>>> print(open('target-v2.csv').read())   # CSV, C-alpha atoms
chain,number,residue,atom,x,y,z
G,22,MET,CA,131.3,67.5,128.4
G,23,LYS,CA,127.8,66.6,127.3
G,24,THR,CA,125.3,69.3,126.5
G,25,PRO,CA,121.6,69.3,125.6
G,26,LEU,CA,122.7,69.8,122.0
G,27,ASP,CA,124.3,66.4,121.9
G,28,SER,CA,120.9,64.8,121.4
G,29,ILE,CA,118.3,65.7,118.8
G,30,THR,CA,115.6,65.7,121.4
G,31,GLY,CA,117.6,68.1,123.6
G,32,THR,CA,118.3,70.3,120.6
G,33,ILE,CA,114.6,70.6,119.7
G,34,ILE,CA,113.4,71.2,123.3
G,35,SER,CA,116.1,73.9,123.7
G,36,GLY,CA,114.8,75.5,120.5
G,37,LEU,CA,111.2,75.4,121.7
G,38,ILE,CA,112.2,77.0,125.0
G,39,LEU,CA,114.2,79.7,123.3
G,40,THR,CA,111.3,80.4,121.0
G,41,VAL,CA,109.0,81.0,124.1
G,42,ILE,CA,111.6,83.1,125.8
G,43,LEU,CA,112.1,85.3,122.8
G,44,TYR,CA,108.4,85.6,122.1
G,45,PHE,CA,107.7,87.0,125.6
G,46,PHE,CA,110.8,89.3,125.3
G,47,VAL,CA,109.5,90.7,122.0
G,48,VAL,CA,105.9,91.0,123.1
G,49,ASN,CA,106.6,92.6,126.5
G,50,PHE,CA,109.8,94.7,125.8
G,51,LEU,CA,109.8,95.6,122.2
G,52,VAL,CA,106.2,95.6,120.7
G,53,LYS,CA,104.5,97.1,123.8
G,54,THR,CA,107.0,99.8,124.4
G,55,ALA,CA,106.9,100.8,120.7
G,56,VAL,CA,103.1,101.4,120.8
B,6,MET,CA,106.2,91.7,91.4
B,7,GLU,CA,109.9,92.2,92.2
B,8,LEU,CA,109.4,91.7,95.9
B,9,THR,CA,107.3,88.6,95.4
B,10,ILE,CA,110.1,87.1,93.3
B,11,VAL,CA,112.8,88.1,95.8
B,12,ARG,CA,110.8,86.7,98.7
B,13,TRP,CA,110.1,83.5,96.7
B,14,LEU,CA,113.9,83.0,96.0
B,15,HIS,CA,114.7,83.9,99.7
B,16,ILE,CA,112.4,81.1,100.8
B,17,PHE,CA,113.7,78.7,98.1
B,18,ALA,CA,117.3,79.3,99.2
B,19,GLY,CA,116.2,79.0,102.8
B,20,ILE,CA,114.6,75.6,102.2
B,21,ILE,CA,117.9,74.3,100.6
B,22,TRP,CA,119.9,75.7,103.6
B,23,ILE,CA,117.7,74.5,106.5
B,24,GLY,CA,116.8,71.3,104.7
B,25,LEU,CA,120.4,70.4,104.5
B,26,LEU,CA,121.0,71.5,108.1
B,27,TYR,CA,118.3,69.1,109.1
B,28,TYR,CA,119.8,66.4,106.9
B,29,PHE,CA,123.1,66.8,108.6
B,30,ASN,CA,121.6,66.7,112.1
B,31,PHE,CA,118.7,64.3,111.8
B,32,VAL,CA,120.2,61.9,109.2
B,33,GLN,CA,124.0,62.1,108.6
B,34,ALA,CA,125.0,62.6,112.3
B,35,VAL,CA,123.1,59.5,113.2
B,36,ALA,CA,124.1,57.4,110.3
B,37,LEU,CA,127.8,58.2,110.2
B,38,PRO,CA,128.9,56.4,113.4
B,39,LYS,CA,127.0,53.3,112.2
B,40,ALA,CA,128.7,53.6,108.7
B,41,LYS,CA,132.1,53.9,110.4
B,42,ALA,CA,131.4,50.8,112.4
B,43,ASP,CA,130.9,48.7,109.2
B,44,ASN,CA,133.6,50.6,107.2
B,45,THR,CA,131.1,52.2,104.7
B,46,ALA,CA,131.6,55.8,105.9
B,47,ALA,CA,133.8,56.8,102.9
B,48,GLY,CA,130.8,57.0,100.6
B,49,ILE,CA,129.3,59.7,102.9
B,50,THR,CA,132.5,61.6,103.8
B,51,LYS,CA,134.0,61.6,100.3
B,52,HIS,CA,131.0,62.0,98.1
B,53,VAL,CA,127.9,63.1,100.0
B,54,ALA,CA,129.1,65.5,102.7
B,55,PRO,CA,131.3,67.7,100.4
B,56,GLN,CA,128.4,68.1,97.9
B,57,ALA,CA,125.9,68.7,100.7
B,58,LEU,CA,128.2,71.3,102.3
B,59,LEU,CA,128.7,73.1,99.0
B,60,TRP,CA,124.9,73.7,98.6
B,61,PHE,CA,124.5,74.3,102.3
B,62,ARG,CA,127.0,77.2,102.7
B,63,TRP,CA,126.1,79.0,99.4
B,64,ALA,CA,122.4,78.6,100.1
B,65,ALA,CA,123.0,80.1,103.5
B,66,LEU,CA,124.6,83.2,102.0
B,67,ALA,CA,122.0,83.5,99.2
B,68,THR,CA,119.2,83.3,101.8
B,69,TRP,CA,120.7,86.1,103.9
B,70,LEU,CA,121.4,88.4,101.0
B,71,LEU,CA,117.9,87.9,99.5
B,72,GLY,CA,116.4,88.5,102.9
B,73,ALA,CA,118.4,91.6,103.5
B,74,TYR,CA,117.5,92.9,100.0
B,75,TYR,CA,113.8,92.2,100.7
B,76,LEU,CA,113.8,93.9,104.0
B,77,GLU,CA,115.4,97.0,102.5
B,78,ARG,CA,113.2,97.2,99.4
B,79,SER,CA,109.9,96.3,101.2
B,80,GLY,CA,110.0,99.4,103.3
B,81,VAL,CA,110.7,97.6,106.6
B,82,GLY,CA,114.3,98.7,106.4
B,83,LEU,CA,117.4,96.6,107.3
B,84,GLY,CA,118.3,99.1,110.0
B,85,ASN,CA,114.8,99.1,111.6
B,86,ALA,CA,114.9,95.2,111.6
B,87,PHE,CA,118.3,94.9,113.2
B,88,MET,CA,117.5,97.7,115.7
B,89,LEU,CA,114.3,95.8,116.5
B,90,LYS,CA,112.2,98.9,116.1
B,91,GLY,CA,108.4,98.7,116.5
B,92,ALA,CA,106.7,96.6,113.9
B,93,ALA,CA,110.0,95.5,112.6
B,94,ALA,CA,110.9,93.8,116.0
B,95,SER,CA,109.5,90.4,115.1
B,96,ILE,CA,111.2,90.1,111.7
B,97,GLY,CA,114.2,91.7,113.3
B,98,VAL,CA,114.6,88.9,115.8
B,99,GLY,CA,114.4,86.4,112.9
B,100,ALA,CA,117.0,88.4,111.0
B,101,TRP,CA,119.4,88.4,113.9
B,102,LEU,CA,119.0,84.7,114.4
B,103,GLY,CA,119.5,84.1,110.7
B,104,THR,CA,122.6,86.3,110.8
B,105,ILE,CA,124.1,84.3,113.8
B,106,MET,CA,123.3,81.1,111.9
B,107,LEU,CA,125.1,82.4,108.7
B,108,PHE,CA,128.1,83.3,110.9
B,109,ASN,CA,128.1,79.8,112.3
B,110,VAL,CA,128.0,78.3,108.8
B,111,TRP,CA,130.9,80.3,107.4
B,112,VAL,CA,133.1,80.8,110.5
B,113,LEU,CA,132.6,77.6,112.5
B,114,ILE,CA,131.0,74.8,110.5
B,115,TRP,CA,132.7,75.1,107.0
B,116,PRO,CA,136.4,75.7,108.1
B,117,ASN,CA,136.2,72.9,110.7
B,118,GLN,CA,134.4,70.5,108.3
B,119,LYS,CA,137.2,71.0,105.8
B,120,LYS,CA,139.6,69.6,108.4
B,121,VAL,CA,137.3,66.7,109.3
B,122,LEU,CA,136.7,65.7,105.7
B,123,GLY,CA,140.4,66.0,104.9
B,124,LEU,CA,140.0,68.9,102.4
B,125,VAL,CA,142.8,70.6,104.4
B,126,GLN,CA,145.6,68.9,106.2
B,127,ALA,CA,145.1,68.4,110.0
B,128,ASP,CA,146.4,65.9,112.5
B,129,ASP,CA,144.1,63.6,114.4
B,130,ALA,CA,143.8,65.7,117.5
B,131,THR,CA,143.0,68.8,115.4
B,132,LYS,CA,140.4,66.8,113.5
B,133,ALA,CA,138.7,65.6,116.7
B,134,LYS,CA,138.5,69.1,118.0
B,135,ALA,CA,137.3,70.5,114.7
B,136,ALA,CA,134.6,67.8,114.5
B,137,ARG,CA,133.3,68.8,118.0
B,138,VAL,CA,133.2,72.5,117.1
B,139,ALA,CA,131.4,71.8,113.8
B,140,PHE,CA,129.0,69.5,115.5
B,141,LEU,CA,128.0,71.9,118.2
B,142,ALA,CA,127.8,74.8,115.8
B,143,SER,CA,125.5,72.7,113.6
B,144,ARG,CA,123.4,71.7,116.6
B,145,THR,CA,123.2,75.4,117.7
B,146,ASN,CA,121.9,76.3,114.3
B,147,THR,CA,119.3,73.6,114.5
B,148,MET,CA,118.2,74.9,117.9
B,149,LEU,CA,118.2,78.5,116.6
B,150,SER,CA,116.2,77.5,113.4
B,151,LEU,CA,113.1,77.0,115.5
B,152,PRO,CA,112.7,80.6,116.9
B,153,MET,CA,114.1,81.9,113.6
B,154,LEU,CA,111.3,80.2,111.6
B,155,PHE,CA,108.7,81.4,114.2
B,156,PHE,CA,109.8,85.0,113.9
B,157,MET,CA,110.1,84.9,110.1
B,158,VAL,CA,106.5,83.5,109.9
B,159,ALA,CA,105.2,85.9,112.6
B,160,GLY,CA,107.0,88.9,111.0
B,161,SER,CA,105.8,88.3,107.5
B,162,VAL,CA,103.2,90.6,105.8
B,163,GLY,CA,99.6,89.9,106.9
B,164,HIS,CA,100.6,88.1,110.1
B,165,GLY,CA,101.8,89.2,113.5
B,166,LEU,CA,102.8,87.8,116.8
B,167,PRO,CA,100.0,85.8,118.3
B,168,GLN,CA,98.6,87.7,121.3
B,169,MET,CA,98.0,85.7,124.5
>>> encode(input="target-v2.csv", output="structure tokens")
Amino acid sequence: MKTPLDSITGTIISGLILTVILYFFVVNFLVKTAV
Amino acid sequence: MELTIVRWLHIFAGIIWIGLLYYFNFVQAVALPKAKADNTAAGITKHVAPQALLWFRWAALATWLLGAYYLERSGVGLGNAFMLKGAAASIGVGAWLGTIMLFNVWVLIWPNQKKVLGLVQADDATKAKAARVAFLASRTNTMLSLPMLFFMVAGSVGHGLPQM
């Protein structure tokens, strides 16, 4: 079964999307709640 | 001074680790099928890949250990980072991603690459399955390296998460 990770482009795009998701998770659920 | 040297060595080891990870994904994975097609793959699989994997797996361990030591000695605290507490949340996410990547190197990539490269005995079906697992683990690490680098940079001293 093919996955986005089978291509370099798909891997990089997946990494960028994950970065954005984790960024908003950290900013909204971890940093703000700690202040 | 001690922390500066530890941090310097952590980044040095990290460059070796991630540099080789990118070599495997951006160069070797693309070149190997072409080399197999004209019967020149042995140079890569017998000589280049084992040497690259040696530096790759030990640099991964060194990067993690130096990073853990730095977190503990710098006052951030390894526990605070892994519990994603307050100001340690950003570097903590980076530390978690690095830890998952270290796991992938030693538990998924290296044992399966040993089968693929013939360093341990395996039949053809096992080799094919091992190649797929190692490939996906390596690609997963490449994907994880992007947020890992972002949170390592954002979590370092003097910086912070960019506010939008």
>>> residues_around(input="target-v2.csv", residues="segment 27-35 of chain G", least_positions_apart="6", cutoff="9 Å", atoms="all atoms listed in the file", output="ChimeraX atom specification")
/B:30-31,140-141,144-145,147-149,151
>>> closest_residue(input="target-v2.csv", among="G:Phe50, G:Leu26, G:Ile38, G:Phe45", to="chain B", atoms="only C-alpha atoms")
G:Leu26
>>> interface_residues(input="target-v2.csv", of="chain B", to="chain G", cutoff="10 Å", atoms="all atoms listed in the file", output="count of residues only")
34
>>> atom_distance(input="target-v2.csv", atom1="atom CA of Glu7 of chain B", atom2="atom CA of Leu25 of chain B")
27.1 Å
>>> atom_distance(input="target-v2.csv", atom1="atom CA of Trp115 of chain B", atom2="atom CA of Tyr75 of chain B")
26.3 Å
>>> atom_distance(input="target-v2.csv", atom1="atom CA of Gly84 of chain B", atom2="atom CA of Gly19 of chain B")
21.5 Å
>>> residues_around(input="target-v2.csv", residues="Ile114 of chain B", least_positions_apart="4", cutoff="12 Å", atoms="all atoms listed in the file", output="PyMOL selection string")
chain B and resi 26+29+58-59+61-62+65+106-110+118-122+135-146
>>> closest_residue(input="target-v2.csv", among="B:Gly123, B:Pro38, B:Gly160, B:Gly103", to="Ala67 of chain B", atoms="only C-alpha atoms")
B:Gly103
